[in-house]
file run.txt (compact mmCIF, C-alpha atoms and all ligand atoms)
# COMPACT_ATOMS: atom_id res chain seq x y z
CA MET R 1 163.39 -127.49 104.03
CA PHE R 2 159.64 -127.51 103.95
CA SER R 3 157.09 -126.12 101.57
CA VAL R 4 154.63 -123.35 102.49
CA GLN R 5 152.23 -121.16 100.61
CA ALA R 6 153.52 -117.59 100.49
CA VAL R 7 153.32 -114.28 98.64
CA VAL R 8 156.29 -114.56 96.31
CA LEU R 9 157.82 -111.78 94.24
CA GLU R 10 158.94 -113.78 91.18
CA SER R 11 160.46 -110.83 89.35
CA ILE R 12 159.62 -107.16 88.74
CA ARG R 13 155.82 -106.69 88.84
CA THR R 14 155.14 -110.43 89.03
CA LEU R 15 153.63 -111.49 92.32
CA ARG R 16 152.27 -114.96 92.98
CA VAL R 17 150.69 -116.82 95.87
CA ARG R 18 152.35 -120.21 95.59
CA ASP R 19 154.25 -122.91 97.43
CA ILE R 20 157.89 -122.19 98.13
CA GLU R 21 160.62 -124.11 99.97
CA ILE R 22 161.72 -122.47 103.22
CA ALA R 23 164.62 -123.64 105.38
CA GLU R 24 163.70 -122.78 108.97
CA LYS R 25 163.96 -124.76 112.15
CA LEU R 26 163.05 -123.89 115.70
CA GLY R 27 166.23 -123.38 117.72
CA ALA R 28 166.45 -123.26 121.52
CA HIS R 29 166.16 -119.45 121.58
CA ASP R 30 163.50 -119.14 118.86
CA VAL R 31 159.75 -118.98 118.70
CA ARG R 32 157.47 -120.05 115.88
CA VAL R 33 154.76 -117.48 115.20
CA ARG R 34 151.53 -118.04 113.28
CA ILE R 35 151.20 -114.84 111.24
CA HIS R 36 147.96 -112.91 111.67
CA THR R 37 148.58 -109.54 109.98
CA VAL R 38 151.32 -108.20 107.71
CA GLY R 39 151.65 -104.52 106.85
CA VAL R 40 152.72 -103.61 103.32
CA CYS R 41 155.70 -101.27 103.52
CA GLY R 42 157.11 -98.85 100.97
CA SER R 43 160.06 -101.18 100.53
CA ASP R 44 157.78 -104.11 99.57
CA VAL R 45 156.21 -101.90 96.93
CA HIS R 46 159.64 -100.74 95.78
CA TYR R 47 160.89 -104.32 95.30
CA TYR R 48 157.68 -105.09 93.39
CA GLN R 49 158.17 -102.09 91.09
CA HIS R 50 161.95 -102.09 90.66
CA GLY R 51 163.27 -105.44 91.91
CA ALA R 52 165.95 -103.71 93.94
CA ILE R 53 166.67 -101.12 96.61
CA GLY R 54 170.19 -99.76 96.22
CA PRO R 55 172.63 -102.66 96.48
CA PHE R 56 169.90 -105.13 97.48
CA VAL R 57 168.88 -106.78 94.23
CA GLU R 58 166.33 -109.57 93.97
CA ARG R 59 168.04 -112.33 92.01
CA GLU R 60 165.75 -115.18 92.96
CA PRO R 61 162.05 -115.36 93.88
CA MET R 62 161.59 -113.85 97.34
CA VAL R 63 158.75 -113.86 99.86
CA LEU R 64 157.72 -110.25 100.60
CA GLY R 65 156.61 -108.69 103.91
CA HIS R 66 158.43 -107.59 107.04
CA GLU R 67 155.92 -105.88 109.33
CA ALA R 68 154.08 -108.64 111.07
CA ALA R 69 152.06 -109.60 114.11
CA GLY R 70 150.76 -113.01 115.09
CA VAL R 71 150.42 -115.65 117.78
CA VAL R 72 153.19 -117.79 119.25
CA GLU R 73 152.54 -121.45 118.46
CA ALA R 74 155.82 -123.00 119.64
CA VAL R 75 158.75 -121.91 121.80
CA GLY R 76 162.33 -123.19 121.86
CA SER R 77 163.60 -125.05 124.92
CA ALA R 78 165.54 -122.03 126.28
CA VAL R 79 162.82 -119.41 125.79
CA THR R 80 161.44 -117.99 129.02
CA SER R 81 160.11 -114.59 127.88
CA LEU R 82 157.23 -115.86 125.73
CA ARG R 83 154.61 -118.58 125.83
CA VAL R 84 152.39 -120.39 123.37
CA ASP R 85 149.32 -118.27 122.49
CA ASP R 86 151.05 -114.95 123.25
CA ARG R 87 150.08 -112.23 120.77
CA VAL R 88 153.31 -110.75 119.44
CA CYS R 89 154.97 -108.54 116.88
CA MET R 90 158.45 -109.06 115.53
CA GLU R 91 161.44 -106.86 114.80
CA PRO R 92 162.20 -107.72 111.17
CA GLY R 93 165.96 -107.25 111.30
CA VAL R 94 168.14 -109.71 113.20
CA PRO R 95 171.77 -108.68 113.73
CA ASP R 96 174.83 -110.82 114.39
CA PRO R 97 174.95 -110.90 118.22
CA ASN R 98 178.76 -110.86 118.16
CA SER R 99 179.26 -108.01 115.73
CA ARG R 100 181.01 -104.79 116.70
CA ALA R 101 177.81 -102.78 116.16
CA THR R 102 175.78 -105.09 118.40
CA ARG R 103 178.37 -104.99 121.17
CA LEU R 104 178.31 -101.18 120.99
CA GLY R 105 174.55 -101.29 121.53
CA LEU R 106 173.93 -100.21 117.92
CA TYR R 107 172.56 -103.52 116.73
CA ASN R 108 170.20 -101.83 114.25
CA LEU R 109 173.31 -100.58 112.42
CA ASP R 110 174.91 -104.00 112.08
CA PRO R 111 176.04 -104.40 108.44
CA ALA R 112 175.50 -108.15 108.82
CA MET R 113 171.81 -107.68 109.68
CA ARG R 114 169.42 -110.24 108.16
CA PHE R 115 166.26 -108.32 107.37
CA TRP R 116 162.99 -109.90 106.22
CA ALA R 117 162.21 -109.37 102.54
CA THR R 118 165.62 -107.91 101.80
CA PRO R 119 167.41 -110.14 99.29
CA PRO R 120 168.35 -112.89 99.81
CA VAL R 121 166.25 -113.19 103.01
CA HIS R 122 162.62 -114.28 102.63
CA GLY R 123 159.93 -112.11 104.22
CA CYS R 124 156.96 -113.00 106.40
CA LEU R 125 153.93 -113.02 104.04
CA ARG R 126 153.44 -116.71 104.82
CA PRO R 127 151.59 -118.78 107.43
CA THR R 128 154.38 -119.08 110.02
CA VAL R 129 157.85 -117.75 110.75
CA VAL R 130 160.60 -118.89 113.09
CA HIS R 131 162.16 -115.87 114.81
CA PRO R 132 164.54 -115.24 117.74
CA ALA R 133 162.57 -114.71 120.95
CA ALA R 134 164.84 -111.74 121.69
CA PHE R 135 163.38 -109.93 118.66
CA THR R 136 159.77 -110.92 119.35
CA PHE R 137 157.60 -108.76 121.60
CA ARG R 138 154.35 -109.47 123.41
CA LEU R 139 151.57 -107.08 122.39
CA PRO R 140 149.64 -105.41 125.21
CA ASP R 141 145.94 -106.31 125.19
CA ASN R 142 145.02 -102.83 123.97
CA VAL R 143 147.24 -103.10 120.87
CA SER R 144 145.61 -104.83 117.91
CA PHE R 145 147.38 -107.16 115.50
CA SER R 146 147.25 -104.51 112.80
CA GLU R 147 148.72 -101.88 115.14
CA GLY R 148 151.43 -104.40 116.02
CA ALA R 149 152.11 -104.89 112.31
CA ILE R 150 152.07 -101.11 111.69
CA THR R 151 149.25 -101.23 109.22
CA PRO R 152 149.08 -97.71 107.78
CA VAL R 153 146.19 -95.27 108.13
CA ASN R 154 145.05 -93.87 104.80
CA ILE R 155 145.57 -90.13 105.04
CA ARG R 156 143.26 -89.65 102.07
CA ASP R 157 140.42 -90.66 104.38
CA GLU R 158 141.54 -88.70 107.42
CA ASN R 159 143.17 -85.31 107.90
CA LEU R 160 146.15 -86.08 110.09
CA THR R 161 146.83 -82.49 111.10
CA GLU R 162 143.23 -82.05 112.26
CA LEU R 163 143.33 -85.36 114.07
CA VAL R 164 146.49 -84.43 116.02
CA ARG R 165 145.15 -80.93 116.79
CA ARG R 166 141.96 -82.40 118.20
CA ALA R 167 143.80 -85.00 120.27
CA THR R 168 146.19 -82.44 121.78
CA GLY R 169 143.85 -79.53 122.38
CA GLY R 170 145.45 -77.61 119.50
CA TRP R 171 148.99 -77.81 120.96
CA GLY R 172 150.51 -80.42 118.64
CA ALA R 173 152.44 -83.65 119.20
CA ASP R 174 155.54 -83.70 121.45
CA VAL R 175 157.34 -86.22 119.24
CA VAL R 176 156.60 -87.05 115.61
CA PHE R 177 158.14 -90.08 113.90
CA ASP R 178 158.28 -89.68 110.15
CA ALA R 179 158.45 -93.16 108.66
CA VAL R 180 157.63 -92.17 105.09
CA GLY R 181 160.52 -90.04 103.86
CA LEU R 182 158.74 -87.75 101.40
CA LEU R 183 158.87 -83.94 101.30
CA SER R 184 155.13 -83.90 101.98
CA SER R 185 155.51 -86.08 105.07
CA PHE R 186 158.38 -83.95 106.44
CA THR R 187 156.22 -80.87 105.95
CA GLN R 188 153.35 -82.53 107.75
CA ALA R 189 155.59 -83.76 110.56
CA ILE R 190 156.60 -80.15 111.31
CA GLU R 191 152.99 -79.04 110.91
CA VAL R 192 151.64 -81.41 113.58
CA LEU R 193 154.56 -80.80 115.97
CA CYS R 194 154.12 -78.77 119.16
CA PRO R 195 156.42 -75.82 119.93
CA GLY R 196 159.78 -77.17 121.10
CA GLY R 197 158.89 -80.69 119.95
CA CYS R 198 161.03 -83.33 118.29
CA VAL R 199 160.76 -84.79 114.80
CA VAL R 200 162.47 -88.14 114.28
CA LEU R 201 163.32 -88.89 110.66
CA ILE R 202 163.13 -92.61 109.95
CA GLY R 203 161.74 -92.81 106.41
CA VAL R 204 164.38 -92.91 103.69
CA PRO R 205 164.00 -90.35 100.88
CA GLY R 206 164.95 -91.42 97.37
CA ALA R 207 166.89 -88.15 96.88
CA PRO R 208 167.89 -85.07 98.89
CA VAL R 209 164.86 -83.22 100.24
CA ALA R 210 164.55 -79.41 100.44
CA PHE R 211 162.21 -78.75 103.31
CA ASP R 212 160.85 -75.57 104.91
CA VAL R 213 163.51 -74.68 107.49
CA VAL R 214 161.59 -71.61 108.72
CA ALA R 215 158.54 -73.73 109.56
CA ALA R 216 160.82 -75.82 111.79
CA GLN R 217 162.61 -72.76 113.25
CA VAL R 218 159.45 -71.00 114.39
CA LYS R 219 158.71 -74.02 116.57
CA GLU R 220 162.37 -74.51 117.54
CA ALA R 221 161.88 -78.08 116.37
CA ARG R 222 164.55 -80.57 117.32
CA ILE R 223 165.31 -82.94 114.46
CA GLU R 224 166.81 -86.35 115.11
CA THR R 225 167.55 -89.20 112.76
CA ILE R 226 167.42 -92.95 113.09
CA SER R 227 168.94 -95.42 110.69
CA ALA R 228 166.31 -98.05 110.20
CA THR R 229 168.39 -100.76 108.59
CA PRO R 230 171.73 -101.21 106.88
CA MET R 231 169.86 -100.68 103.65
CA SER R 232 169.04 -97.14 104.63
CA ILE R 233 172.69 -96.40 105.27
CA ARG R 234 174.02 -97.94 102.10
CA ALA R 235 171.26 -96.88 99.79
CA ARG R 236 168.92 -93.98 99.58
CA SER R 237 165.62 -95.58 98.88
CA PRO R 238 161.96 -94.75 99.13
CA CYS R 239 161.41 -97.48 101.65
CA SER R 240 159.07 -96.28 104.33
CA ALA R 241 160.07 -98.56 107.14
CA ALA R 242 158.37 -97.95 110.37
CA ALA R 243 159.50 -97.01 113.78
CA SER R 244 159.30 -98.86 117.05
CA SER R 245 160.20 -102.42 117.60
CA THR R 246 158.68 -103.76 114.48
CA CYS R 247 160.10 -102.00 111.55
CA ALA R 248 162.29 -99.14 110.80
CA HIS R 249 162.02 -98.27 107.19
ZN ZN Y 1 158.85 -101.47 106.61

call {"tool": "encode", "arguments": {"input": "run.txt", "output": "structure tokens", "more": "lines below"}}
Ligand SMILES: [Zn+2]
result
Amino acid sequence: MFSVQAVVLESIRTLRVRDIEIAEKLGAHDVRVRIHTVGVCGSDVHYYQHGAIGPFVEREPMVLGHEAAGVVEAVGSAVTSLRVDDRVCMEPGVPDPNSRATRLGLYNLDPAMRFWATPPVHGCLRPTVVHPAAFTFRLPDNVSFSEGAITPVNIRDENLTELVRRATGGWGADVVFDAVGLLSSFTQAIEVLCPGGCVVLIGVPGAPVAFDVVAAQVKEARIETISATPMSIRARSPCSAAASSTCAH
């Protein structure tokens, strides 16, 4: 156990930056990462507002944050894939390597997953984290820390549909990942899609969503789904975990 300063959700709507005891030690297959940037996800906001997402209920103070990028400052003795000073981002959910889901190659569906900032697991809004090297990924030089941490773009400042149209010569995007899970984001995902494109639904709606089927049909859109975390299977929640390696709600 050691004490670090962290962003702690004490209880509903009570957030404090304070010292908290964390039990973490660098194993042979782990890296210690100095955190640079943490994105704030819909699930962090949901825990702040409601103290729970489905069956995951905050019963004790918990460090928030699960979308992070930083710099490796120590590597375990068996780690060969990463070095000190590597810029990295981390996958926030770590499955049991021996579980049935993991052995089937569906490790993101492992019911035993330990996911940052999902009670009782502390999140990463703190100076350093110890994380398995296997779930830590070097960032290419052209990817910033905030891109690695999936820091959101404010769509109030930019018109996403216009932006995608401009970038694709008016054709639309081949693949759109919706990581928000709102009716408005589903509508926009179809809107920015190219004819024959694919929408991947990752965001978790809080309730069934009635979306415009015809808008999808006229583009012959293919719709696929991804379960971000066990929490999205067991609970419908407005968590907006992100895609890619870092986060999936
Ligand atoms: Zn997230």

call {"tool": "closest_residue", "arguments": {"input": "run.txt", "among": "R:Ile190, R:Leu139, R:Ile202, R:Glu162", "to": "Asp178 in chain R", "atoms": "all atoms listed in the file"}}
result
R:Ile202

call {"tool": "closest_residue", "arguments": {"input": "run.txt", "among": "R:Gln188, R:Ser3, R:Gln49, R:Thr136", "to": "Val176 in chain R", "atoms": "all atoms listed in the file"}}
result
R:Gln188

call {"tool": "atom_distance", "arguments": {"input": "run.txt", "atom1": "CA of Pro111 in chain R", "atom2": "CA of Phe211 in chain R"}}
result
29.6 Å

call {"tool": "closest_residue", "arguments": {"input": "run.txt", "among": "R:Gln5, R:Ser99, R:Thr118, R:Ser77", "to": "ligand ZN 1 (chain Y)", "atoms": "all atoms listed in the file"}}
result
R:Thr118

call {"tool": "closest_residue", "arguments": {"input": "run.txt", "among": "R:Ala149, R:Val57, R:Ala133, R:Ala101", "to": "ligand ZN 1 (chain Y)", "atoms": "only C-alpha atoms and all ligand atoms"}}
result
R:Ala149

call {"tool": "closest_residue", "arguments": {"input": "run.txt", "among": "R:Phe177, R:Phe56, R:Tyr107, R:Trp116", "to": "ligand ZN 1 (chain Y)", "atoms": "all atoms listed in the file"}}
result
R:Trp116

call {"tool": "closest_residue", "arguments": {"input": "run.txt", "among": "R:Pro140, R:Gly39, R:Pro195, R:Pro61", "to": "Ala215 in chain R", "atoms": "only C-alpha atoms"}}
result
R:Pro195

call {"tool": "residues_near_point", "arguments": {"input": "run.txt", "point": "(168.0, -114.1, 98.0)", "cutoff": "12 Å", "atoms": "all atoms listed in the file", "output": "short mmCIF file (atom, residue, chain, number, x, y, z; two decimals) with C-alpha atoms, in the coordinates of the input"}}
result
data_model
loop_
_atom_site.label_atom_id
_atom_site.label_comp_id
_atom_site.auth_asym_id
_atom_site.auth_seq_id
_atom_site.Cartn_x
_atom_site.Cartn_y
_atom_site.Cartn_z
CA VAL R 8 156.29 -114.56 96.31
CA LEU R 9 157.82 -111.78 94.24
CA GLU R 10 158.94 -113.78 91.18
CA SER R 11 160.46 -110.83 89.35
CA ILE R 22 161.72 -122.47 103.22
CA GLY R 51 163.27 -105.44 91.91
CA ALA R 52 165.95 -103.71 93.94
CA PHE R 56 169.90 -105.13 97.48
CA VAL R 57 168.88 -106.78 94.23
CA GLU R 58 166.33 -109.57 93.97
CA ARG R 59 168.04 -112.33 92.01
CA GLU R 60 165.75 -115.18 92.96
CA PRO R 61 162.05 -115.36 93.88
CA MET R 62 161.59 -113.85 97.34
CA VAL R 63 158.75 -113.86 99.86
CA LEU R 64 157.72 -110.25 100.60
CA ARG R 114 169.42 -110.24 108.16
CA PHE R 115 166.26 -108.32 107.37
CA TRP R 116 162.99 -109.90 106.22
CA ALA R 117 162.21 -109.37 102.54
CA THR R 118 165.62 -107.91 101.80
CA PRO R 119 167.41 -110.14 99.29
CA PRO R 120 168.35 -112.89 99.81
CA VAL R 121 166.25 -113.19 103.01
CA HIS R 122 162.62 -114.28 102.63
CA GLY R 123 159.93 -112.11 104.22
#
